[in-house]
$ cat data.cif   # mmCIF, C-alpha atoms
data_final
#
loop_
_atom_site.group_PDB
_atom_site.id
_atom_site.type_symbol
_atom_site.label_atom_id
_atom_site.label_comp_id
_atom_site.auth_asym_id
_atom_site.auth_seq_id
_atom_site.Cartn_x
_atom_site.Cartn_y
_atom_site.Cartn_z
ATOM 1 C CA MET A 1 40.566 -58.459 -51.919
ATOM 2 C CA ALA A 2 43.367 -56.309 -53.238
ATOM 3 C CA SER A 3 45.741 -59.243 -53.496
ATOM 4 C CA THR A 4 43.437 -61.139 -55.836
ATOM 5 C CA THR A 5 42.595 -58.244 -58.098
ATOM 6 C CA MET A 6 45.536 -55.903 -58.442
ATOM 7 C CA GLY A 7 48.203 -57.255 -60.750
ATOM 8 C CA ALA A 8 50.573 -56.277 -63.516
ATOM 9 C CA HIS A 9 48.990 -54.695 -66.574
ATOM 10 C CA GLY A 10 50.261 -54.387 -70.097
ATOM 11 C CA ASP A 11 51.274 -50.879 -71.051
ATOM 12 C CA ALA A 12 52.570 -49.771 -74.438
ATOM 13 C CA ASP A 13 53.184 -46.148 -73.461
ATOM 14 C CA GLY A 14 56.693 -46.595 -72.099
ATOM 15 C CA ASP A 15 55.766 -45.650 -68.499
ATOM 16 C CA LYS A 16 54.733 -49.117 -67.319
ATOM 17 C CA ALA A 17 57.106 -49.098 -64.340
ATOM 18 C CA ALA A 18 55.902 -45.746 -62.958
ATOM 19 C CA PHE A 19 52.269 -46.695 -63.368
ATOM 20 C CA SER A 20 52.754 -50.131 -61.778
ATOM 21 C CA GLN A 21 54.573 -48.573 -58.821
ATOM 22 C CA TRP A 22 51.733 -46.101 -58.388
ATOM 23 C CA LEU A 23 49.166 -48.923 -58.323
ATOM 24 C CA ILE A 24 51.193 -51.052 -55.926
ATOM 25 C CA ALA A 25 51.591 -48.124 -53.538
ATOM 26 C CA HIS A 26 47.857 -47.569 -53.425
ATOM 27 C CA ALA A 27 47.047 -51.251 -52.951
ATOM 28 C CA ALA A 28 48.388 -50.846 -49.419
ATOM 29 C CA ARG A 29 45.353 -48.705 -48.578
ATOM 30 C CA PHE A 30 43.325 -51.893 -48.145
ATOM 31 C CA ASP A 31 45.473 -52.724 -45.126
ATOM 32 C CA ASP A 32 44.441 -49.460 -43.456
ATOM 33 C CA ILE A 33 40.673 -49.946 -43.727
ATOM 34 C CA ASN A 34 38.920 -49.570 -40.395
ATOM 35 C CA HIS A 35 35.188 -50.030 -40.870
ATOM 36 C CA GLY A 36 32.756 -52.081 -38.840
ATOM 37 C CA HIS A 37 31.228 -53.909 -41.819
ATOM 38 C CA TRP A 38 34.321 -54.306 -44.006
ATOM 39 C CA GLU A 39 35.166 -57.786 -42.719
ATOM 40 C CA GLU A 40 31.565 -58.862 -43.257
ATOM 41 C CA TRP A 41 31.503 -57.542 -46.824
ATOM 42 C CA SER A 42 34.919 -59.038 -47.540
ATOM 43 C CA GLN A 43 33.654 -62.427 -46.428
ATOM 44 C CA VAL A 44 30.711 -62.185 -48.814
ATOM 45 C CA VAL A 45 33.129 -61.571 -51.681
ATOM 46 C CA ALA A 46 35.501 -64.320 -50.541
ATOM 47 C CA GLN A 47 32.675 -66.856 -50.407
ATOM 48 C CA LEU A 48 31.365 -66.196 -53.913
ATOM 49 C CA PRO A 49 31.395 -69.319 -56.090
ATOM 50 C CA ALA A 50 34.260 -70.200 -58.374
ATOM 51 C CA ILE A 51 33.610 -68.960 -61.889
ATOM 52 C CA PRO A 52 33.372 -71.343 -64.846
ATOM 53 C CA ALA A 53 36.391 -71.572 -67.111
ATOM 54 C CA GLU A 54 34.148 -71.018 -70.132
ATOM 55 C CA ARG A 55 32.029 -67.903 -69.779
ATOM 56 C CA VAL A 56 30.655 -65.093 -71.917
ATOM 57 C CA VAL A 57 31.440 -61.585 -70.642
ATOM 58 C CA THR A 58 29.736 -58.537 -72.158
ATOM 59 C CA LEU A 59 31.079 -55.088 -71.278
ATOM 60 C CA ASP A 60 29.906 -53.039 -74.268
ATOM 61 C CA GLN A 61 26.148 -53.206 -73.712
ATOM 62 C CA PRO A 62 23.813 -51.371 -71.281
ATOM 63 C CA VAL A 63 23.719 -54.377 -68.942
ATOM 64 C CA VAL A 64 27.206 -55.456 -67.898
ATOM 65 C CA SER A 65 26.872 -59.216 -67.890
ATOM 66 C CA VAL A 66 28.484 -62.611 -67.594
ATOM 67 C CA ARG A 67 27.023 -66.060 -68.169
ATOM 68 C CA ALA A 68 28.326 -69.580 -68.301
ATOM 69 C CA SER A 69 28.896 -70.899 -71.800
ATOM 70 C CA ASP A 70 27.050 -74.081 -70.816
ATOM 71 C CA VAL A 71 23.595 -72.549 -70.551
ATOM 72 C CA GLU A 72 22.012 -75.973 -69.945
ATOM 73 C CA SER A 73 23.900 -76.590 -66.712
ATOM 74 C CA GLU A 74 21.801 -78.808 -64.432
ATOM 75 C CA ASN A 75 22.509 -76.786 -61.309
ATOM 76 C CA ARG A 76 21.911 -73.425 -62.973
ATOM 77 C CA LYS A 77 18.844 -72.589 -60.835
ATOM 78 C CA VAL A 78 20.567 -73.606 -57.605
ATOM 79 C CA VAL A 79 23.618 -71.477 -58.425
ATOM 80 C CA LYS A 80 21.428 -68.490 -59.281
ATOM 81 C CA GLU A 81 19.444 -68.656 -56.031
ATOM 82 C CA SER A 82 22.579 -68.986 -53.899
ATOM 83 C CA LEU A 83 24.404 -66.210 -55.753
ATOM 84 C CA GLU A 84 21.465 -63.836 -55.455
ATOM 85 C CA ARG A 85 21.349 -64.341 -51.679
ATOM 86 C CA GLN A 86 25.047 -63.525 -51.465
ATOM 87 C CA LEU A 87 24.861 -60.412 -53.649
ATOM 88 C CA ARG A 88 21.857 -59.053 -51.757
ATOM 89 C CA GLN A 89 24.017 -59.021 -48.633
ATOM 90 C CA LEU A 90 25.917 -56.147 -50.300
ATOM 91 C CA SER A 91 22.769 -54.041 -50.841
ATOM 92 C CA PRO A 92 21.868 -51.299 -51.503
ATOM 93 C CA TRP A 93 23.140 -51.352 -55.107
ATOM 94 C CA ARG A 94 23.193 -47.829 -56.542
ATOM 95 C CA LYS A 95 24.965 -47.973 -59.944
ATOM 96 C CA GLY A 96 24.418 -50.536 -62.690
ATOM 97 C CA PRO A 97 22.690 -52.560 -64.126
ATOM 98 C CA PHE A 98 24.348 -55.989 -64.011
ATOM 99 C CA SER A 99 23.401 -59.517 -64.986
ATOM 100 C CA LEU A 100 25.650 -62.025 -63.232
ATOM 101 C CA TYR A 101 24.998 -65.692 -64.026
ATOM 102 C CA ASP A 102 21.244 -65.039 -64.421
ATOM 103 C CA VAL A 103 21.041 -62.728 -61.377
ATOM 104 C CA PHE A 104 19.783 -59.361 -62.645
ATOM 105 C CA ILE A 105 20.737 -56.455 -60.365
ATOM 106 C CA ASP A 106 18.290 -53.626 -60.992
ATOM 107 C CA THR A 107 20.221 -50.736 -59.461
ATOM 108 C CA GLU A 108 18.838 -47.366 -58.352
ATOM 109 C CA TRP A 109 20.611 -45.559 -61.203
ATOM 110 C CA ARG A 110 20.396 -46.635 -64.814
ATOM 111 C CA SER A 111 24.046 -45.710 -65.264
ATOM 112 C CA ASP A 112 23.894 -46.834 -68.876
ATOM 113 C CA PHE A 113 21.823 -43.717 -69.651
ATOM 114 C CA LYS A 114 24.773 -41.521 -68.683
ATOM 115 C CA TRP A 115 27.229 -43.620 -70.674
ATOM 116 C CA GLN A 116 25.015 -43.433 -73.739
ATOM 117 C CA ARG A 117 24.906 -39.634 -73.458
ATOM 118 C CA LEU A 118 28.675 -39.224 -73.400
ATOM 119 C CA GLN A 119 29.978 -42.203 -75.355
ATOM 120 C CA ALA A 120 29.970 -40.618 -78.804
ATOM 121 C CA HIS A 121 31.521 -37.343 -77.605
ATOM 122 C CA ILE A 122 34.674 -38.429 -75.778
ATOM 123 C CA SER A 123 38.076 -39.243 -77.234
ATOM 124 C CA PRO A 124 38.507 -42.931 -78.123
ATOM 125 C CA LEU A 125 39.501 -45.040 -75.133
ATOM 126 C CA ASP A 126 41.325 -47.728 -77.118
ATOM 127 C CA GLY A 127 44.502 -48.755 -75.303
ATOM 128 C CA LYS A 128 44.185 -45.872 -72.824
ATOM 129 C CA LYS A 129 44.649 -45.683 -69.060
ATOM 130 C CA ILE A 130 41.520 -44.272 -67.453
ATOM 131 C CA LEU A 131 40.756 -42.816 -64.020
ATOM 132 C CA ASP A 132 37.169 -42.590 -62.768
ATOM 133 C CA VAL A 133 36.796 -40.473 -59.623
ATOM 134 C CA GLY A 134 33.820 -41.340 -57.421
ATOM 135 C CA THR A 135 33.188 -44.494 -59.406
ATOM 136 C CA GLY A 136 30.670 -46.034 -56.984
ATOM 137 C CA SER A 137 30.374 -49.768 -57.615
ATOM 138 C CA GLY A 138 32.388 -49.407 -60.799
ATOM 139 C CA TYR A 139 29.762 -49.832 -63.522
ATOM 140 C CA HIS A 140 31.431 -47.240 -65.733
ATOM 141 C CA LEU A 141 34.843 -48.889 -65.304
ATOM 142 C CA TRP A 142 33.464 -51.954 -67.075
ATOM 143 C CA ARG A 143 31.955 -49.834 -69.848
ATOM 144 C CA MET A 144 35.346 -48.131 -70.309
ATOM 145 C CA LEU A 145 36.958 -51.532 -70.780
ATOM 146 C CA GLY A 146 34.151 -52.429 -73.142
ATOM 147 C CA ASP A 147 35.128 -49.410 -75.233
ATOM 148 C CA GLY A 148 38.733 -50.567 -75.451
ATOM 149 C CA ALA A 149 40.509 -49.072 -72.435
ATOM 150 C CA ALA A 150 43.675 -50.926 -71.413
ATOM 151 C CA ILE A 151 43.099 -50.353 -67.694
ATOM 152 C CA ALA A 152 40.436 -48.515 -65.705
ATOM 153 C CA VAL A 153 41.141 -47.298 -62.170
ATOM 154 C CA GLY A 154 38.376 -46.135 -59.886
ATOM 155 C CA VAL A 155 38.619 -43.948 -56.795
ATOM 156 C CA GLU A 156 35.843 -44.571 -54.266
ATOM 157 C CA PRO A 157 35.719 -43.979 -50.483
ATOM 158 C CA THR A 158 32.375 -45.753 -49.811
ATOM 159 C CA LEU A 159 33.450 -49.236 -48.810
ATOM 160 C CA SER A 160 30.151 -50.982 -49.524
ATOM 161 C CA PHE A 161 30.544 -49.866 -53.151
ATOM 162 C CA VAL A 162 34.148 -51.100 -53.172
ATOM 163 C CA ALA A 163 32.949 -54.526 -51.991
ATOM 164 C CA GLN A 164 30.292 -54.562 -54.723
ATOM 165 C CA PHE A 165 32.942 -53.793 -57.334
ATOM 166 C CA TYR A 166 35.211 -56.636 -56.265
ATOM 167 C CA ALA A 167 32.242 -59.029 -56.190
ATOM 168 C CA VAL A 168 31.467 -58.131 -59.806
ATOM 169 C CA ALA A 169 35.159 -58.276 -60.774
ATOM 170 C CA HIS A 170 35.418 -61.794 -59.389
ATOM 171 C CA LEU A 171 32.305 -62.994 -61.189
ATOM 172 C CA LEU A 172 33.420 -61.443 -64.468
ATOM 173 C CA GLY A 173 36.908 -62.874 -64.061
ATOM 174 C CA GLU A 174 38.324 -59.448 -64.953
ATOM 175 C CA ARG A 175 41.619 -57.986 -63.710
ATOM 176 C CA ARG A 176 41.925 -54.925 -65.941
ATOM 177 C CA ALA A 177 39.964 -52.677 -63.572
ATOM 178 C CA VAL A 178 40.690 -51.812 -59.935
ATOM 179 C CA ILE A 179 39.249 -49.530 -57.282
ATOM 180 C CA ILE A 180 41.355 -47.667 -54.741
ATOM 181 C CA PRO A 181 39.395 -47.123 -51.492
ATOM 182 C CA THR A 182 40.024 -43.435 -50.920
ATOM 183 C CA THR A 183 39.068 -39.950 -52.062
ATOM 184 C CA LEU A 184 40.771 -37.914 -54.759
ATOM 185 C CA GLU A 185 42.032 -35.505 -52.096
ATOM 186 C CA ASN A 186 43.890 -38.347 -50.373
ATOM 187 C CA LEU A 187 45.189 -39.899 -53.579
ATOM 188 C CA SER A 188 48.838 -39.611 -54.516
ATOM 189 C CA ARG A 189 48.283 -37.745 -57.769
ATOM 190 C CA ALA A 190 50.521 -37.990 -60.825
ATOM 191 C CA PRO A 191 49.931 -37.231 -64.534
ATOM 192 C CA LEU A 192 49.543 -40.888 -65.519
ATOM 193 C CA PHE A 193 46.120 -41.034 -67.156
ATOM 194 C CA ASP A 194 44.954 -40.394 -70.709
ATOM 195 C CA THR A 195 41.346 -39.687 -69.683
ATOM 196 C CA VAL A 196 39.969 -38.711 -66.290
ATOM 197 C CA PHE A 197 36.250 -38.922 -65.475
ATOM 198 C CA SER A 198 34.541 -37.075 -62.632
ATOM 199 C CA MET A 199 30.823 -37.818 -62.705
ATOM 200 C CA GLY A 200 28.521 -36.764 -59.913
ATOM 201 C CA VAL A 201 31.287 -35.536 -57.609
ATOM 202 C CA LEU A 202 31.902 -31.797 -58.138
ATOM 203 C CA TYR A 203 28.801 -30.579 -56.283
ATOM 204 C CA HIS A 204 29.801 -32.637 -53.242
ATOM 205 C CA ARG A 205 33.110 -30.801 -52.919
ATOM 206 C CA ARG A 206 33.425 -27.777 -50.624
ATOM 207 C CA ASN A 207 36.209 -26.530 -52.898
ATOM 208 C CA PRO A 208 35.077 -27.255 -56.479
ATOM 209 C CA LEU A 209 38.044 -25.466 -58.058
ATOM 210 C CA GLY A 210 40.378 -27.529 -55.907
ATOM 211 C CA HIS A 211 38.642 -30.660 -57.191
ATOM 212 C CA ILE A 212 39.167 -29.628 -60.810
ATOM 213 C CA GLN A 213 42.819 -28.859 -60.085
ATOM 214 C CA GLU A 214 43.272 -32.308 -58.542
ATOM 215 C CA LEU A 215 41.699 -33.895 -61.619
ATOM 216 C CA ALA A 216 44.150 -31.988 -63.805
ATOM 217 C CA GLU A 217 47.049 -33.289 -61.717
ATOM 218 C CA CYS A 218 46.081 -36.855 -62.687
ATOM 219 C CA LEU A 219 45.967 -36.130 -66.425
ATOM 220 C CA LYS A 220 48.787 -36.334 -68.917
ATOM 221 C CA PRO A 221 49.329 -33.082 -70.878
ATOM 222 C CA GLY A 222 46.814 -33.137 -73.708
ATOM 223 C CA GLY A 223 44.673 -35.669 -71.848
ATOM 224 C CA GLU A 224 40.912 -35.365 -71.685
ATOM 225 C CA LEU A 225 38.691 -34.545 -68.723
ATOM 226 C CA VAL A 226 35.093 -35.762 -68.783
ATOM 227 C CA LEU A 227 33.169 -33.794 -66.171
ATOM 228 C CA GLU A 228 29.536 -34.540 -65.332
ATOM 229 C CA THR A 229 27.784 -32.565 -62.627
ATOM 230 C CA LEU A 230 24.629 -30.831 -61.501
ATOM 231 C CA VAL A 231 24.209 -27.384 -63.052
ATOM 232 C CA ILE A 232 21.715 -24.537 -63.011
ATOM 233 C CA ALA A 233 20.512 -22.292 -65.796
ATOM 234 C CA GLY A 234 22.194 -18.905 -65.993
ATOM 235 C CA ASP A 235 25.169 -16.874 -67.110
ATOM 236 C CA ALA A 236 28.808 -16.987 -66.021
ATOM 237 C CA GLU A 237 27.993 -15.347 -62.688
ATOM 238 C CA GLN A 238 25.379 -17.871 -61.557
ATOM 239 C CA VAL A 239 25.952 -20.532 -58.902
ATOM 240 C CA LEU A 240 23.539 -22.127 -56.436
ATOM 241 C CA THR A 241 24.673 -22.765 -52.859
ATOM 242 C CA PRO A 242 21.860 -24.541 -50.958
ATOM 243 C CA THR A 243 21.227 -23.291 -47.443
ATOM 244 C CA ASP A 244 20.955 -26.857 -46.135
ATOM 245 C CA ARG A 245 19.793 -29.779 -48.289
ATOM 246 C CA TYR A 246 19.355 -30.117 -52.031
ATOM 247 C CA ALA A 247 16.974 -32.873 -53.211
ATOM 248 C CA GLY A 248 17.363 -34.418 -49.785
ATOM 249 C CA MET A 249 21.190 -34.377 -49.919
ATOM 250 C CA ARG A 250 23.113 -32.540 -47.195
ATOM 251 C CA ASN A 251 26.505 -32.572 -48.907
ATOM 252 C CA VAL A 252 25.734 -30.353 -51.901
ATOM 253 C CA TRP A 253 27.812 -27.175 -51.839
ATOM 254 C CA PHE A 254 28.051 -25.516 -55.249
ATOM 255 C CA ILE A 255 25.900 -26.004 -58.369
ATOM 256 C CA PRO A 256 27.306 -23.720 -61.100
ATOM 257 C CA SER A 257 25.904 -22.666 -64.436
ATOM 258 C CA VAL A 258 27.559 -24.176 -67.501
ATOM 259 C CA PRO A 259 29.156 -20.812 -68.480
ATOM 260 C CA LEU A 260 30.637 -20.446 -64.991
ATOM 261 C CA LEU A 261 31.875 -24.038 -65.020
ATOM 262 C CA SER A 262 33.564 -23.336 -68.358
ATOM 263 C CA VAL A 263 35.315 -20.332 -66.808
ATOM 264 C CA TRP A 264 36.547 -22.494 -63.937
ATOM 265 C CA LEU A 265 37.954 -25.057 -66.367
ATOM 266 C CA ALA A 266 39.705 -22.409 -68.467
ATOM 267 C CA ARG A 267 41.208 -20.732 -65.393
ATOM 268 C CA LEU A 268 42.616 -24.081 -64.262
ATOM 269 C CA GLY A 269 44.454 -24.941 -67.452
ATOM 270 C CA PHE A 270 41.914 -26.600 -69.728
ATOM 271 C CA GLU A 271 41.132 -25.833 -73.348
ATOM 272 C CA SER A 272 38.782 -27.128 -76.059
ATOM 273 C CA ILE A 273 35.967 -26.991 -73.492
ATOM 274 C CA ARG A 274 32.726 -28.411 -74.868
ATOM 275 C CA LEU A 275 29.246 -28.924 -73.467
ATOM 276 C CA VAL A 276 28.208 -32.267 -74.950
ATOM 277 C CA ASN A 277 24.966 -32.915 -73.075
ATOM 278 C CA GLN A 278 22.559 -31.217 -70.708
ATOM 279 C CA GLU A 279 19.296 -32.671 -69.505
ATOM 280 C CA SER A 280 17.134 -33.158 -66.447
ATOM 281 C CA THR A 281 17.383 -36.357 -64.453
ATOM 282 C CA SER A 282 14.299 -38.464 -65.138
ATOM 283 C CA LEU A 283 12.427 -40.813 -62.843
ATOM 284 C CA ASP A 284 13.332 -43.605 -65.252
ATOM 285 C CA GLU A 285 17.038 -42.973 -64.702
ATOM 286 C CA GLN A 286 17.006 -42.787 -60.898
ATOM 287 C CA ARG A 287 14.420 -44.753 -58.939
ATOM 288 C CA ALA A 288 13.975 -47.102 -56.002
ATOM 289 C CA THR A 289 14.189 -50.851 -56.656
ATOM 290 C CA ASP A 290 14.169 -54.010 -54.588
ATOM 291 C CA TRP A 291 17.995 -54.032 -54.876
ATOM 292 C CA THR A 292 18.005 -50.751 -52.921
ATOM 293 C CA ASP A 293 15.466 -52.104 -50.406
ATOM 294 C CA PHE A 294 13.134 -49.469 -51.890
ATOM 295 C CA LYS A 295 14.938 -46.727 -50.006
ATOM 296 C CA PRO A 296 13.897 -43.144 -50.926
ATOM 297 C CA SER A 297 15.075 -42.042 -54.354
ATOM 298 C CA LEU A 298 14.578 -39.096 -56.703
ATOM 299 C CA ALA A 299 10.760 -39.247 -56.716
ATOM 300 C CA ASN A 300 10.746 -38.715 -52.954
ATOM 301 C CA PHE A 301 12.807 -35.534 -53.228
ATOM 302 C CA LEU A 302 10.867 -33.668 -55.906
ATOM 303 C CA ASP A 303 7.926 -31.385 -55.132
ATOM 304 C CA PRO A 304 4.868 -33.642 -55.663
ATOM 305 C CA GLN A 305 2.898 -30.663 -56.995
ATOM 306 C CA ASP A 306 5.671 -29.361 -59.263
ATOM 307 C CA ARG A 307 8.259 -31.847 -60.517
ATOM 308 C CA SER A 308 10.388 -28.983 -61.840
ATOM 309 C CA LYS A 309 11.396 -28.233 -58.235
ATOM 310 C CA THR A 310 13.002 -30.152 -55.396
ATOM 311 C CA ILE A 311 11.173 -30.524 -52.095
ATOM 312 C CA GLU A 312 13.291 -27.605 -50.844
ATOM 313 C CA GLY A 313 12.070 -25.358 -53.688
ATOM 314 C CA TYR A 314 15.269 -25.396 -55.782
ATOM 315 C CA PRO A 315 15.314 -26.229 -59.507
ATOM 316 C CA ALA A 316 15.058 -29.985 -60.047
ATOM 317 C CA PRO A 317 18.300 -31.823 -60.895
ATOM 318 C CA LEU A 318 19.754 -30.727 -64.223
ATOM 319 C CA ARG A 319 22.950 -32.479 -65.245
ATOM 320 C CA ALA A 320 25.580 -31.441 -67.773
ATOM 321 C CA ILE A 321 28.507 -33.275 -69.330
ATOM 322 C CA LEU A 322 31.537 -31.252 -70.442
ATOM 323 C CA THR A 323 34.771 -32.402 -72.015
ATOM 324 C CA ALA A 324 38.027 -30.473 -71.945
ATOM 325 C CA LYS A 325 41.687 -31.035 -72.766
ATOM 326 C CA LYS A 326 44.522 -30.370 -70.352
ATOM 327 C CA VAL A 327 46.794 -27.760 -71.901
ATOM 328 C CA SER A 328 49.949 -29.426 -73.236
ATOM 329 C CA ARG A 329 53.319 -28.142 -72.163
ATOM 330 C CA SER A 330 54.948 -26.024 -74.882
#
$ encode --input "data.cif" --output "structure tokens"
Amino acid sequence: MASTTMGAHGDADGDKAAFSQWLIAHAARFDDINHGHWEEWSQVVAQLPAIPAERVVTLDQPVVSVRASDVESENRKVVKESLERQLRQLSPWRKGPFSLYDVFIDTEWRSDFKWQRLQAHISPLDGKKILDVGTGSGYHLWRMLGDGAAIAVGVEPTLSFVAQFYAVAHLLGERRAVIIPTTLENLSRAPLFDTVFSMGVLYHRRNPLGHIQELAECLKPGGELVLETLVIAGDAEQVLTPTDRYAGMRNVWFIPSVPLLSVWLARLGFESIRLVNQESTSLDEQRATDWTDFKPSLANFLDPQDRSKTIEGYPAPLRAILTAKKVSRS
């Protein structure tokens, strides 16, 4: 899949060669994939239908979509039914939503809610190079392009999500976004990006300060970090470390307060730190759907008698979005 998606990209910043070399080096990671289902998922993507030459792609609306310009096509229903069968082979779909040639993918997360919360508060993306760490199936990469980004690069180790991304990329006919199948820790980091997003990753890291430092290493001086994570109420000394699970998740290590998170960012070389949104995750934003095979979702992990608590007795998920600028070299 890498060979059909990763290509040369226009770059007006004067560092086109370095950025292209960085991308080409990481494309080789596809050759190292060793996963029992990867060949199966790759075949699903390879067998997707050819896309029409005339199509309408929409990346700046809540539903990332593509449709054929000829809406009266005689085989439209047949194409839809076949395409839906193929895309369901890549289930469960977590991040979206998408509408792909009349197939509506109702994902577990309404990722558009998050984008709407941050969109007005971040630096303009026009012509910028963007990195999205833990991008999932890449929904936000498409929204970044919809807001004018020149190229959007995702980092994602979950290979089923990577396959979903390349399925969508093929159907959109888009080459300005790519996903590298790895983690940030294993990424060759260089200060190449104007904006770096980390959304829903920090609390999964055993070393959250190390994660922030790695994000900074990917940013140009003066570049912007957009950090979205679980938080708890409290002062700059408050952090929650679950004894085992949090809302059913085993891999949650540190949930800081916003003041403490701000201290971490300042200590690691960020300035102009702003809290731009804080709100609880709603059951409208995260829920089971038929595209997730109705697997357990947020409603299953909240206390049924008190929705302000998780089933483990911790405060229910509260998420914050902060922006910060990497300190420029003097």
$ closest_residue --input "data.cif" --among "A:Leu322, A:Ala68, A:Ala316, A:Leu87" --to "A:Leu275" --atoms "all atoms listed in the file"
A:Leu322
$ resolve_selection --input "data.cif" --expression "the PyMOL selection byres ((chain A and resi 245) around 12)" --output "JSON list (two decimals) with C-alpha atoms, in the frame of the given file"
[["chain", "number", "residue", "atom", "x", "y", "z"],
["A", 204, "HIS", "CA", 29.80, -32.64, -53.24],
["A", 240, "LEU", "CA", 23.54, -22.13, -56.44],
["A", 241, "THR", "CA", 24.67, -22.76, -52.86],
["A", 242, "PRO", "CA", 21.86, -24.54, -50.96],
["A", 243, "THR", "CA", 21.23, -23.29, -47.44],
["A", 244, "ASP", "CA", 20.96, -26.86, -46.14],
["A", 246, "TYR", "CA", 19.36, -30.12, -52.03],
["A", 247, "ALA", "CA", 16.97, -32.87, -53.21],
["A", 248, "GLY", "CA", 17.36, -34.42, -49.78],
["A", 249, "MET", "CA", 21.19, -34.38, -49.92],
["A", 250, "ARG", "CA", 23.11, -32.54, -47.20],
["A", 251, "ASN", "CA", 26.50, -32.57, -48.91],
["A", 252, "VAL", "CA", 25.73, -30.35, -51.90],
["A", 253, "TRP", "CA", 27.81, -27.18, -51.84],
["A", 254, "PHE", "CA", 28.05, -25.52, -55.25],
["A", 301, "PHE", "CA", 12.81, -35.53, -53.23],
["A", 310, "THR", "CA", 13.00, -30.15, -55.40],
["A", 311, "ILE", "CA", 11.17, -30.52, -52.10],
["A", 312, "GLU", "CA", 13.29, -27.60, -50.84],
["A", 313, "GLY", "CA", 12.07, -25.36, -53.69],
["A", 314, "TYR", "CA", 15.27, -25.40, -55.78]]
$ residues_around --input "data.cif" --residues "stretch 171-177 of chain A" --least-positions-apart "3" --cutoff "6 Å" --atoms "all atoms listed in the file" --output "JSON, numbers by chain"
{"A": [5, 66, 151, 152, 153, 168]}
$ residues_around --input "data.cif" --residues "A:Val231" --least-positions-apart "3" --cutoff "8 Å" --atoms "all atoms listed in the file" --output "list of chain:residue names"
A:Ile255, A:Pro256, A:Ser257, A:Val258, A:Pro317, A:Leu318, A:Arg319, A:Ala320
$ closest_residue --input "data.cif" --among "A:Asp112, A:Asp235, A:Glu54, A:Glu185" --to "A:Ile212" --atoms "all atoms listed in the file"
A:Glu185
$ residues_near_point --input "data.cif" --point "(38.0, -38.5, -65.1)" --cutoff "10 Å" --atoms "all atoms listed in the file" --output "PyMOL selection string"
chain A and resi 130-135+153-155+193-199+212+215-216+218-219+223-228+323
$ atom_distance --input "data.cif" --atom1 "atom CA of A:Gly222" --atom2 "atom CA of A:Lys325"
5.6 Å
$ atom_distance --input "data.cif" --atom1 "atom CA of A:Ser308" --atom2 "atom CA of A:Leu230"
14.4 Å
$ closest_residue --input "data.cif" --among "A:Arg205, A:Lys129, A:His35, A:Lys95" --to "A:Asp15" --atoms "all atoms listed in the file"
A:Lys129
$ closest_atom_pairs --input "data.cif" --of "stretch 61-121 of chain A" --to "stretch 280-297 of chain A" --cutoff "9 Å" --atoms "only C-alpha atoms" --output "Markdown table"
| residue | atom | partner | partner_atom | distance |
| --- | --- | --- | --- | --- |
| A:Arg88 | CA | A:Trp291 | CA | 7.1 |
| A:Ser91 | CA | A:Thr292 | CA | 6.2 |
| A:Pro92 | CA | A:Thr292 | CA | 4.2 |
| A:Trp93 | CA | A:Thr292 | CA | 5.6 |
| A:Arg94 | CA | A:Thr292 | CA | 7.0 |
| A:Ile105 | CA | A:Trp291 | CA | 6.6 |
| A:Asp106 | CA | A:Trp291 | CA | 6.1 |
| A:Thr107 | CA | A:Trp291 | CA | 6.1 |
| A:Glu108 | CA | A:Arg287 | CA | 5.2 |
| A:Trp109 | CA | A:Gln286 | CA | 4.6 |
| A:Arg110 | CA | A:Glu285 | CA | 5.0 |
| A:Ser111 | CA | A:Glu285 | CA | 7.5 |
| A:Asp112 | CA | A:Glu285 | CA | 8.9 |
| A:Phe113 | CA | A:Glu285 | CA | 6.9 |
| A:Lys114 | CA | A:Glu285 | CA | 8.8 |
$ closest_residue --input "data.cif" --among "A:Val103, A:Val201, A:Leu298, A:Arg117" --to "A:Gly136" --atoms "only C-alpha atoms"
A:Val201
$ residues_near_point --input "data.cif" --point "(33.3, -58.1, -72.5)" --cutoff "10 Å" --atoms "only C-alpha atoms" --output "number ranges by chain"
A: 56-61, 64-66, 142-143, 145-148, 172, 174
$ atom_distance --input "data.cif" --atom1 "atom CA of A:Lys220" --atom2 "atom CA of A:Leu192"
5.7 Å
$ closest_residue --input "data.cif" --among "A:Ile51, A:Val45, A:Ile122, A:Ile273" --to "A:Ser69" --atoms "all atoms listed in the file"
A:Ile51
$ closest_residue --input "data.cif" --among "A:Val63, A:Arg189, A:Thr182, A:Leu261" --to "A:Tyr139" --atoms "only C-alpha atoms"
A:Val63
$ axis_aligned_box --input "data.cif" --around "stretch 17-29 of chain A" --padding-each-side "8 Å" --output "JSON"
{"center_x": 51.2, "center_y": -48.5, "center_z": -56.5, "size_x": 27.8, "size_y": 21.5, "size_z": 31.8}
$ resolve_selection --input "data.cif" --expression "the PyMOL selection byres ((chain A and resi 270) around 9)" --output "ChimeraX atom specification"
/A:216,225,264-269,271-273,324-327
